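Participant: Supplied structure: final.cif, mmCIF, C-alpha atoms.
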data_data
loop_
_atom_site.label_atom_id
_atom_site.label_comp_id
_atom_site.auth_asym_id
_atom_site.auth_seq_id
_atom_site.Cartn_x
_atom_site.Cartn_y
_atom_site.Cartn_z
CA MET Y 1 -45.10 -50.90 -12.38
CA ALA Y 2 -44.77 -53.97 -10.21
CA TYR Y 3 -48.23 -54.12 -8.75
CA TYR Y 4 -50.26 -52.83 -11.66
CA VAL Y 5 -52.86 -55.09 -13.13
CA PRO Y 6 -51.67 -56.35 -16.56
CA SER Y 7 -54.75 -55.22 -18.48
CA LEU Y 8 -54.49 -51.79 -16.85
CA SER Y 9 -50.78 -51.54 -17.71
CA ARG Y 10 -51.58 -52.38 -21.31
CA LEU Y 11 -54.19 -49.62 -21.43
CA ILE Y 12 -51.75 -47.12 -19.93
CA GLU Y 13 -49.14 -48.11 -22.53
CA GLN Y 14 -51.68 -47.54 -25.29
CA PHE Y 15 -52.46 -44.05 -24.03
CA GLU Y 16 -48.75 -43.28 -23.69
CA LYS Y 17 -48.35 -43.83 -27.41
CA LEU Y 18 -50.68 -40.92 -28.21
CA PRO Y 19 -48.97 -37.69 -29.27
CA GLY Y 20 -48.53 -35.23 -26.40
CA VAL Y 21 -49.53 -37.75 -23.75
CA GLY Y 22 -46.86 -38.50 -21.13
CA LYS Y 23 -46.65 -41.17 -18.47
CA LYS Y 24 -48.71 -39.31 -15.88
CA SER Y 25 -51.44 -38.25 -18.32
CA ALA Y 26 -51.63 -41.77 -19.72
CA GLN Y 27 -52.19 -43.06 -16.21
CA ARG Y 28 -54.87 -40.46 -15.56
CA LEU Y 29 -56.64 -41.23 -18.83
CA ALA Y 30 -56.54 -44.99 -18.19
CA PHE Y 31 -58.02 -44.56 -14.71
CA TYR Y 32 -60.66 -42.27 -16.16
CA MET Y 33 -61.58 -45.02 -18.64
CA LEU Y 34 -61.96 -47.50 -15.79
CA ASP Y 35 -64.21 -45.10 -13.90
CA LEU Y 36 -66.48 -44.61 -16.91
CA PRO Y 37 -69.75 -46.56 -17.04
CA LYS Y 38 -69.18 -49.64 -19.14
CA GLU Y 39 -71.37 -48.48 -22.06
CA GLN Y 40 -69.40 -45.25 -22.35
CA ALA Y 41 -66.07 -47.07 -22.49
CA GLU Y 42 -67.51 -49.33 -25.15
CA GLU Y 43 -68.76 -46.31 -27.05
CA PHE Y 44 -65.27 -44.85 -26.96
CA ALA Y 45 -63.64 -48.03 -28.24
CA GLY Y 46 -66.40 -48.36 -30.83
CA ALA Y 47 -65.81 -44.82 -32.11
CA ILE Y 48 -62.15 -45.65 -32.72
CA LEU Y 49 -62.98 -48.83 -34.61
CA GLU Y 50 -65.77 -47.20 -36.58
CA ALA Y 51 -63.69 -44.21 -37.63
CA ARG Y 52 -60.72 -46.40 -38.49
CA ASP Y 53 -62.99 -48.65 -40.50
CA LYS Y 54 -65.15 -46.14 -42.35
CA VAL Y 55 -63.00 -43.11 -42.96
CA ARG Y 56 -61.09 -43.14 -46.23
CA TYR Y 57 -59.87 -40.74 -48.89
CA CYS Y 58 -62.31 -39.14 -51.30
CA ALA Y 59 -61.75 -40.64 -54.75
CA VAL Y 60 -61.57 -37.14 -56.23
CA CYS Y 61 -59.94 -34.69 -53.82
CA GLN Y 62 -58.31 -37.12 -51.34
CA ASN Y 63 -60.00 -35.41 -48.40
CA LEU Y 64 -61.32 -37.65 -45.62
CA THR Y 65 -64.80 -39.04 -46.15
CA ASP Y 66 -66.88 -42.06 -45.33
CA GLU Y 67 -68.50 -42.16 -48.75
CA GLU Y 68 -66.93 -42.83 -52.13
CA ILE Y 69 -66.83 -39.08 -52.81
CA CYS Y 70 -66.67 -36.37 -50.12
CA SER Y 71 -69.46 -33.90 -49.48
CA VAL Y 72 -67.56 -30.98 -51.03
CA CYS Y 73 -66.87 -32.82 -54.28
CA ALA Y 74 -70.44 -34.14 -54.35
CA ASP Y 75 -71.90 -30.65 -53.86
CA GLU Y 76 -73.24 -29.47 -57.23
CA GLY Y 77 -73.25 -25.85 -56.01
CA ARG Y 78 -69.46 -25.58 -55.74
CA ASN Y 79 -67.36 -23.84 -58.35
CA LYS Y 80 -65.59 -26.69 -60.13
CA GLU Y 81 -63.16 -24.38 -61.92
CA GLU Y 82 -61.15 -23.58 -58.78
CA ILE Y 83 -59.08 -26.06 -56.82
CA CYS Y 84 -57.50 -25.10 -53.51
CA VAL Y 85 -54.49 -27.34 -52.82
CA VAL Y 86 -53.81 -28.00 -49.13
CA GLU Y 87 -51.45 -30.24 -47.19
CA ASP Y 88 -53.86 -31.69 -44.67
CA PRO Y 89 -57.59 -32.50 -44.29
CA ARG Y 90 -57.68 -30.11 -41.33
CA ASP Y 91 -56.78 -27.27 -43.67
CA VAL Y 92 -59.96 -27.94 -45.66
CA LEU Y 93 -61.93 -27.44 -42.48
CA ALA Y 94 -60.10 -24.18 -41.79
CA PHE Y 95 -61.13 -22.86 -45.22
CA GLU Y 96 -64.70 -24.09 -44.83
CA ARG Y 97 -64.97 -22.13 -41.59
CA THR Y 98 -64.23 -18.89 -43.45
CA ARG Y 99 -67.38 -19.43 -45.59
CA GLU Y 100 -65.56 -17.42 -48.28
CA TYR Y 101 -64.46 -20.20 -50.57
CA SER Y 102 -66.85 -21.98 -52.88
CA GLY Y 103 -64.44 -23.96 -55.06
CA LEU Y 104 -63.10 -27.48 -54.65
CA TYR Y 105 -60.09 -28.76 -52.71
CA HIS Y 106 -57.24 -31.15 -53.22
CA VAL Y 107 -55.48 -32.65 -50.21
CA LEU Y 108 -51.83 -33.59 -50.78
CA HIS Y 109 -51.42 -35.37 -47.43
CA GLY Y 110 -48.10 -33.78 -46.69
CA ALA Y 111 -45.49 -31.52 -48.25
CA ILE Y 112 -42.24 -32.24 -50.02
CA SER Y 113 -39.59 -32.59 -47.35
CA PRO Y 114 -36.32 -34.29 -48.40
CA LEU Y 115 -35.06 -34.22 -44.81
CA ASP Y 116 -38.02 -36.36 -43.70
CA GLY Y 117 -37.69 -38.52 -46.79
CA ILE Y 118 -40.96 -37.25 -48.26
CA GLY Y 119 -40.70 -36.80 -52.00
CA SER Y 120 -43.29 -35.76 -54.55
CA GLU Y 121 -44.24 -39.39 -55.20
CA GLN Y 122 -45.54 -39.81 -51.62
CA LEU Y 123 -48.00 -36.95 -52.08
CA LYS Y 124 -51.31 -37.01 -53.94
CA ILE Y 125 -49.85 -35.09 -56.87
CA GLY Y 126 -50.64 -37.61 -59.59
CA GLU Y 127 -54.28 -37.48 -58.50
CA LEU Y 128 -54.25 -33.68 -58.80
CA LEU Y 129 -52.80 -33.76 -62.30
CA GLY Y 130 -55.36 -36.39 -63.23
CA ARG Y 131 -58.18 -34.10 -62.12
CA ILE Y 132 -56.80 -31.20 -64.14
CA GLY Y 133 -56.82 -33.39 -67.26
CA LYS Y 134 -60.42 -34.45 -66.72
CA GLN Y 135 -62.26 -31.28 -65.66
CA PRO Y 136 -62.05 -27.68 -66.88
CA VAL Y 137 -59.96 -26.03 -64.17
CA LYS Y 138 -59.23 -22.31 -64.40
CA GLU Y 139 -57.32 -21.63 -61.22
CA ILE Y 140 -55.29 -23.64 -58.75
CA ILE Y 141 -54.78 -21.92 -55.39
CA MET Y 142 -51.67 -23.09 -53.57
CA ALA Y 143 -52.66 -23.14 -49.92
CA THR Y 144 -49.77 -25.19 -48.55
CA ASN Y 145 -48.29 -24.00 -45.25
CA PRO Y 146 -46.02 -20.93 -45.20
CA THR Y 147 -43.05 -23.12 -44.25
CA VAL Y 148 -39.98 -24.14 -46.21
CA GLU Y 149 -41.65 -27.46 -47.10
CA GLY Y 150 -44.97 -25.83 -48.00
CA GLU Y 151 -43.22 -23.26 -50.20
CA ALA Y 152 -41.16 -25.88 -51.95
CA THR Y 153 -44.28 -27.92 -52.64
CA ALA Y 154 -46.14 -24.89 -53.98
CA MET Y 155 -43.21 -24.01 -56.26
CA TYR Y 156 -42.86 -27.59 -57.47
CA LEU Y 157 -46.56 -27.88 -58.27
CA SER Y 158 -46.79 -24.51 -59.97
CA ARG Y 159 -43.94 -25.53 -62.31
CA LEU Y 160 -45.86 -28.68 -63.20
CA ILE Y 161 -49.22 -26.98 -63.65
CA LYS Y 162 -48.44 -23.61 -65.24
CA PRO Y 163 -47.28 -25.15 -68.55
CA LEU Y 164 -50.79 -26.62 -68.86
CA GLY Y 165 -52.09 -23.08 -69.24
CA ILE Y 166 -53.79 -22.92 -65.85
CA LYS Y 167 -53.54 -19.93 -63.52
CA VAL Y 168 -51.69 -20.85 -60.32
CA THR Y 169 -52.01 -18.53 -57.31
CA ARG Y 170 -50.57 -18.49 -53.78
CA LEU Y 171 -52.21 -17.30 -50.56
CA ALA Y 172 -51.26 -13.75 -49.56
CA TYR Y 173 -48.58 -13.23 -46.96
CA GLY Y 174 -48.93 -10.49 -44.41
CA ILE Y 175 -49.64 -9.62 -40.84
CA PRO Y 176 -52.31 -11.80 -39.23
CA VAL Y 177 -55.53 -10.00 -38.32
CA GLY Y 178 -55.58 -9.22 -34.61
CA GLY Y 179 -51.81 -9.61 -34.40
CA ASP Y 180 -49.39 -7.12 -32.97
CA LEU Y 181 -46.85 -5.47 -35.31
CA GLU Y 182 -44.31 -5.40 -32.54
CA TYR Y 183 -44.18 -9.19 -32.53
CA ALA Y 184 -44.30 -9.73 -36.28
CA ASP Y 185 -41.08 -11.23 -37.64
CA GLU Y 186 -39.11 -9.36 -40.29
CA VAL Y 187 -39.95 -11.71 -43.14
CA THR Y 188 -43.68 -11.44 -42.52
CA LEU Y 189 -43.44 -7.68 -42.18
CA SER Y 190 -41.49 -7.26 -45.43
CA ARG Y 191 -44.02 -9.47 -47.21
CA ALA Y 192 -46.84 -7.36 -45.77
CA LEU Y 193 -45.11 -4.24 -47.02
CA GLU Y 194 -44.52 -5.72 -50.49
CA GLY Y 195 -48.14 -6.77 -50.76
CA ARG Y 196 -49.63 -3.51 -49.49
CA SER Y 197 -52.77 -2.29 -51.22
CA GLU Y 198 -54.28 1.14 -51.69
CA ILE Y 199 -56.98 2.21 -49.28
CA LEU Y 200 -59.95 3.21 -51.39
CA MET M 201 -67.79 -28.85 -38.16
CA ALA M 202 -69.84 -28.72 -41.35
CA TYR M 203 -67.63 -30.82 -43.60
CA TYR M 204 -66.32 -33.35 -41.12
CA VAL M 205 -67.07 -36.96 -41.72
CA PRO M 206 -69.66 -38.18 -39.16
CA SER M 207 -67.60 -41.09 -37.85
CA LEU M 208 -64.59 -38.81 -37.47
CA SER M 209 -66.67 -36.20 -35.61
CA ARG M 210 -67.88 -38.89 -33.25
CA LEU M 211 -64.31 -39.96 -32.53
CA ILE M 212 -63.27 -36.35 -31.88
CA GLU M 213 -66.21 -35.95 -29.50
CA GLN M 214 -65.14 -39.06 -27.62
CA PHE M 215 -61.60 -37.73 -27.19
CA GLU M 216 -62.94 -34.36 -26.08
CA LYS M 217 -64.61 -36.05 -23.13
CA LEU M 218 -61.26 -37.15 -21.71
CA PRO M 219 -59.96 -35.10 -18.80
CA GLY M 220 -57.46 -32.43 -19.85
CA VAL M 221 -58.17 -32.88 -23.56
CA GLY M 222 -59.50 -29.80 -25.34
CA LYS M 223 -61.00 -29.38 -28.81
CA LYS M 224 -57.68 -29.03 -30.61
CA SER M 225 -56.01 -31.94 -28.83
CA ALA M 226 -59.05 -34.13 -29.42
CA GLN M 227 -58.80 -33.36 -33.12
CA ARG M 228 -55.09 -34.14 -33.13
CA LEU M 229 -55.63 -37.43 -31.31
CA ALA M 230 -58.46 -38.47 -33.62
CA PHE M 231 -56.36 -37.77 -36.70
CA TYR M 232 -53.51 -39.69 -35.11
CA MET M 233 -55.84 -42.65 -34.67
CA LEU M 234 -56.79 -42.52 -38.34
CA ASP M 235 -53.14 -42.49 -39.37
CA LEU M 236 -52.34 -45.56 -37.26
CA PRO M 237 -52.10 -48.93 -39.00
CA LYS M 238 -55.43 -50.68 -38.60
CA GLU M 239 -54.13 -53.37 -36.21
CA GLN M 240 -52.75 -50.72 -33.85
CA ALA M 241 -56.04 -48.85 -33.72
CA GLU M 242 -57.77 -52.14 -33.00
CA GLU M 243 -55.23 -52.90 -30.29
CA PHE M 244 -55.98 -49.54 -28.69
CA ALA M 245 -59.73 -50.09 -28.73
CA GLY M 246 -59.19 -53.63 -27.51
CA ALA M 247 -57.09 -52.47 -24.57
CA ILE M 248 -59.93 -50.19 -23.45
CA LEU M 249 -62.50 -52.96 -23.65
CA GLU M 250 -60.24 -55.50 -22.00
CA ALA M 251 -59.29 -53.24 -19.10
CA ARG M 252 -62.90 -52.14 -18.63
CA ASP M 253 -64.00 -55.76 -18.69
CA LYS M 254 -61.34 -57.40 -16.54
CA VAL M 255 -60.29 -54.84 -13.97
CA ARG M 256 -62.28 -54.95 -10.74
CA TYR M 257 -61.80 -54.36 -7.04
CA CYS M 258 -59.86 -56.86 -4.93
CA ALA M 259 -62.30 -58.67 -2.64
CA VAL M 260 -60.05 -57.90 0.34
CA CYS M 261 -58.34 -54.52 -0.03
CA GLN M 262 -60.49 -52.96 -2.81
CA ASN M 263 -57.42 -52.19 -4.88
CA LEU M 264 -57.69 -52.74 -8.64
CA THR M 265 -56.99 -56.26 -9.85
CA ASP M 266 -57.97 -58.67 -12.57
CA GLU M 267 -58.12 -61.63 -10.21
CA GLU M 268 -60.44 -62.28 -7.30
CA ILE M 269 -57.73 -61.09 -4.89
CA CYS M 270 -54.94 -58.64 -5.79
CA SER M 271 -51.28 -59.57 -5.90
CA VAL M 272 -50.45 -57.72 -2.66
CA CYS M 273 -53.17 -59.45 -0.66
CA ALA M 274 -52.26 -62.79 -2.24
CA ASP M 275 -48.56 -62.37 -1.36
CA GLU M 276 -47.82 -64.58 1.66
CA GLY M 277 -44.64 -62.64 2.39
CA ARG M 278 -46.45 -59.41 3.35
CA ASN M 279 -46.95 -58.36 6.94
CA LYS M 280 -50.65 -58.92 7.51
CA GLU M 281 -50.70 -57.01 10.80
CA GLU M 282 -50.31 -53.60 9.14
CA ILE M 283 -52.88 -51.97 6.87
CA CYS M 284 -52.09 -48.75 5.04
CA VAL M 285 -55.33 -46.91 4.22
CA VAL M 286 -55.21 -44.84 1.01
CA GLU M 287 -57.76 -42.91 -1.02
CA ASP M 288 -56.87 -44.14 -4.48
CA PRO M 289 -55.32 -47.17 -6.23
CA ARG M 290 -52.59 -44.89 -7.54
CA ASP M 291 -51.49 -44.24 -3.97
CA VAL M 292 -50.80 -47.96 -3.54
CA LEU M 293 -48.45 -47.77 -6.47
CA ALA M 294 -46.72 -44.74 -4.94
CA PHE M 295 -46.05 -46.71 -1.75
CA GLU M 296 -44.91 -49.77 -3.67
CA ARG M 297 -42.36 -47.65 -5.47
CA THR M 298 -40.70 -46.74 -2.15
CA ARG M 299 -39.99 -50.47 -1.51
CA GLU M 300 -40.15 -49.58 2.18
CA TYR M 301 -43.59 -50.89 3.03
CA SER M 302 -44.28 -54.57 3.42
CA GLY M 303 -47.77 -54.51 4.94
CA LEU M 304 -51.16 -54.61 3.27
CA TYR M 305 -53.31 -51.82 1.89
CA HIS M 306 -56.90 -50.73 1.94
CA VAL M 307 -58.24 -48.48 -0.81
CA LEU M 308 -61.15 -46.24 0.23
CA HIS M 309 -61.87 -44.99 -3.30
CA GLY M 310 -62.28 -41.40 -2.21
CA ALA M 311 -62.36 -39.24 0.90
CA ILE M 312 -65.21 -37.84 2.93
CA SER M 313 -66.24 -34.58 1.27
CA PRO M 314 -69.65 -33.19 2.23
CA LEU M 315 -69.31 -30.42 -0.36
CA ASP M 316 -69.06 -32.99 -3.15
CA GLY M 317 -71.78 -35.08 -1.56
CA ILE M 318 -69.38 -37.89 -0.62
CA GLY M 319 -70.21 -39.34 2.79
CA SER M 320 -68.64 -42.21 4.67
CA GLU M 321 -71.14 -44.66 3.20
CA GLN M 322 -69.77 -44.09 -0.34
CA LEU M 323 -66.28 -45.16 0.74
CA LYS M 324 -65.01 -48.69 1.32
CA ILE M 325 -65.11 -48.24 5.11
CA GLY M 326 -67.41 -51.15 5.91
CA GLU M 327 -64.96 -53.42 4.08
CA LEU M 328 -62.07 -52.07 6.16
CA LEU M 329 -63.90 -52.67 9.45
CA GLY M 330 -64.80 -56.14 8.22
CA ARG M 331 -61.12 -56.94 7.64
CA ILE M 332 -60.16 -55.73 11.11
CA GLY M 333 -62.73 -58.09 12.62
CA LYS M 334 -61.42 -61.06 10.66
CA GLN M 335 -57.64 -60.78 10.82
CA PRO M 336 -55.25 -59.82 13.63
CA VAL M 337 -54.38 -56.22 12.76
CA LYS M 338 -51.93 -54.33 14.96
CA GLU M 339 -51.58 -51.01 13.17
CA ILE M 340 -53.61 -49.00 10.71
CA ILE M 341 -51.61 -46.32 8.90
CA MET M 342 -53.77 -43.44 7.69
CA ALA M 343 -52.26 -42.46 4.35
CA THR M 344 -55.09 -40.32 3.01
CA ASN M 345 -54.09 -37.09 1.27
CA PRO M 346 -52.92 -34.09 3.34
CA THR M 347 -56.03 -32.15 2.30
CA VAL M 348 -59.07 -31.09 4.31
CA GLU M 349 -61.00 -34.12 2.99
CA GLY M 350 -58.13 -36.53 3.60
CA GLU M 351 -57.68 -35.23 7.14
CA ALA M 352 -61.37 -35.49 7.91
CA THR M 353 -61.42 -39.05 6.62
CA ALA M 354 -58.37 -39.98 8.69
CA MET M 355 -59.94 -38.46 11.83
CA TYR M 356 -63.27 -40.16 11.20
CA LEU M 357 -61.66 -43.57 10.69
CA SER M 358 -59.35 -43.26 13.67
CA ARG M 359 -62.36 -42.56 15.90
CA LEU M 360 -64.02 -45.71 14.59
CA ILE M 361 -60.94 -47.93 14.85
CA LYS M 362 -59.14 -46.79 18.02
CA PRO M 363 -61.91 -48.09 20.35
CA LEU M 364 -61.21 -51.55 18.91
CA GLY M 365 -57.80 -51.41 20.56
CA ILE M 366 -55.81 -51.00 17.35
CA LYS M 367 -52.97 -48.51 16.93
CA VAL M 368 -53.84 -45.86 14.35
CA THR M 369 -51.01 -43.77 12.90
CA ARG M 370 -50.81 -40.91 10.39
CA LEU M 371 -48.10 -40.13 7.83
CA ALA M 372 -45.55 -37.53 8.97
CA TYR M 373 -45.94 -33.95 7.81
CA GLY M 374 -42.89 -31.93 6.93
CA ILE M 375 -40.86 -30.40 4.18
CA PRO M 376 -40.63 -32.55 1.05
CA VAL M 377 -37.17 -33.91 0.26
CA GLY M 378 -35.50 -31.84 -2.42
CA GLY M 379 -37.89 -28.96 -1.75
CA ASP M 380 -36.92 -25.37 -1.09
CA LEU M 381 -37.68 -23.89 2.35
CA GLU M 382 -38.31 -20.52 0.79
CA TYR M 383 -41.33 -21.90 -1.01
CA ALA M 384 -42.71 -24.03 1.80
CA ASP M 385 -46.06 -22.76 3.10
CA GLU M 386 -46.42 -21.79 6.75
CA VAL M 387 -48.54 -24.75 7.74
CA THR M 388 -46.07 -27.26 6.33
CA LEU M 389 -43.19 -25.42 7.93
CA SER M 390 -44.81 -25.31 11.40
CA ARG M 391 -45.61 -29.02 11.09
CA ALA M 392 -41.99 -29.71 10.15
CA LEU M 393 -40.86 -27.72 13.19
CA GLU M 394 -43.28 -29.55 15.49
CA GLY M 395 -42.16 -32.92 14.22
CA ARG M 396 -38.42 -32.19 14.34
CA SER M 397 -36.15 -35.00 15.48
CA GLU M 398 -32.75 -35.04 17.12
CA ILE M 399 -29.73 -35.56 14.90
CA LEU M 400 -27.86 -38.51 16.37
#
What does the file become when written as structure tokens?
Facilitator:
Amino acid sequence: MAYYVPSLSRLIEQFEKLPGVGKKSAQRLAFYMLDLPKEQAEEFAGAILEARDKVRYCAVCQNLTDEEICSVCADEGRNKEEICVVEDPRDVLAFERTREYSGLYHVLHGAISPLDGIGSEQLKIGELLGRIGKQPVKEIIMATNPTVEGEATAMYLSRLIKPLGIKVTRLAYGIPVGGDLEYADEVTLSRALEGRSEIL
Amino acid sequence: MAYYVPSLSRLIEQFEKLPGVGKKSAQRLAFYMLDLPKEQAEEFAGAILEARDKVRYCAVCQNLTDEEICSVCADEGRNKEEICVVEDPRDVLAFERTREYSGLYHVLHGAISPLDGIGSEQLKIGELLGRIGKQPVKEIIMATNPTVEGEATAMYLSRLIKPLGIKVTRLAYGIPVGGDLEYADEVTLSRALEGRSEIL
């Protein structure tokens, strides 16, 4: 990078750090930034600083918010007797898009994964148990990912919560809508068979 | 995006504007930014502002620089009788990587492209002609891209410069090193045949 301008090199390095951005893309993005009108580049930088500054975890469900309490938790119309436990704030959005769920959420910010050194104490589990103590919860829906880590987390939590006399459920396994049976793996297919329901 | 935090949505929108970044990637990048330690996010934003603020065109060759004159033009060891004319600052870097060229550069910042509404007046052609008047130039190497626009620009410039008694050359066409003849297109192959040289 002999003849690159130092401030440009620094910008390229910053872009290279982003996930999924290689050397060539970082260069392209940095040049794009330079070509932008100055106000737009400032807007971009400002958006980073603003988001980094304002966004924090909801005091109740640990979802991302820029208020003390997120808009789901603050919504009086939601069913406060159901809590859907997810790994990531993006999962909340996925559920919200279905428009089928009217309960509350709890974001764990990860899943138990001994190989990555993530134990139960790194997750927002204490906060979940605290909520259960304080409000009348009837059902906890385990909506962690259908991976080894997600399963382990769901099992771990259900063992903690069931003794408190609360119903703990898990998302259904099966073939994805619009999928092709031919490409379904055996595990998914056997789960779909197990969970079959009568056509009425 | 009903339940997204406004400042997070704004950041996602900003990332979506980047070339080659879709909705999903923008979301991933924005979440990555939020997960960064605060100083690193500030460093990123700072790098954008700094580059946007400091980087400008070299007063001589129009390459990017953060000084009045870029490091190539300021280097007394370069051959000032040769000017390599390129479309883009990135092309300068490509030549510098070869370590074979010791002359100067001139960056046009584009190529003539009537379809995109880019005429000769939008390029840094006046600046190039100005340099030729001021310093003793012996050869101008046309290193615009081997595209219709690059060719047209090279032809246009050579017609302007040749009458001044200066040698104008064009990069050689041929098969790329490490390429496979089977996949070479006909035009490239005929040019390679035309330009063949004796093995000594």
Participant: If we count all atoms listed in the file and set the cut-off at 12 Å, which residues sit around Leu308 of chain M, ignoring sequence neighbours fewer than 3 positions away in its own chain? Please answer as a count of residues only.
Facilitator: 39
Participant: Pull out every residue that the PyMOL selection byres ((chain Y) within 6 of (chain M)) matches in the shown coordinates and put them as an MDAnalysis selection string.
Facilitator: chainID Y and resid 5 7:8 11 14 34 44:45 47 51:52 65
Participant: Please provide the set of residues having any atom within 6 Å of segment 302-304 of chain M, restricted to all atoms listed in the file, with same-chain residues fewer than 2 positions apart removed, written as number ranges by chain.
Facilitator: M: 278-280, 282-283
Participant: From the set Y:Asp116, Y:Glu100, Y:Glu76, Y:Glu186, which residue has the shortest atom-to-atom contact distance to Glu149 of chain Y, counting only C-alpha atoms?
Facilitator: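 Among the listed residues, Y:Asp116 lies closest to Glu149 of chain Y.
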Participant: Separation of atom CA of Ala192 of chain Y and atom CA of Ile175 of chain Y, in Å?
Facilitator: 6.1 Å
Participant: So the first atom is atom CA of Ala259 of chain M and the second is atom CA of Gly277 of chain M; what is the distance between them in Å, to one decimal place?
Facilitator: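 Interatomic distance here is 18.8 Å.
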Participant: Between atom CA of Pro176 of chain Y and atom CA of Leu200 of chain Y, what is the distance in Å, rounded to a tenth?
Facilitator: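 Computing it gives 20.8 Å between the two atoms.
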Participant: Box time for segment 203-212 of chain M: axis-aligned, enclosing all its listed atoms, 6 Å extra on each side; report centre and edge lengths in Å to one decimal, as lines of an AutoDock Vina configuration file.
Facilitator:
center_x = -66.5
center_y = -36.0
center_z = -37.7
size_x = 18.4
size_y = 22.3
size_z = 23.7
Participant: Would you pick out the contacts of segment 163-169 of chain Y at 9 Å or less, using only C-alpha atoms, so that residues sharing its chain but fewer than 4 positions from it are not included, and give the list as a list of chain:residue names?
Facilitator: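 Residues meeting the cut-off are Y:Ile132, Y:Val137, Y:Lys138, Y:Glu139, Y:Ile140, Y:Ile141, Y:Met142, Y:Ala143, Y:Leu157, Y:Ser158, Y:Arg159.
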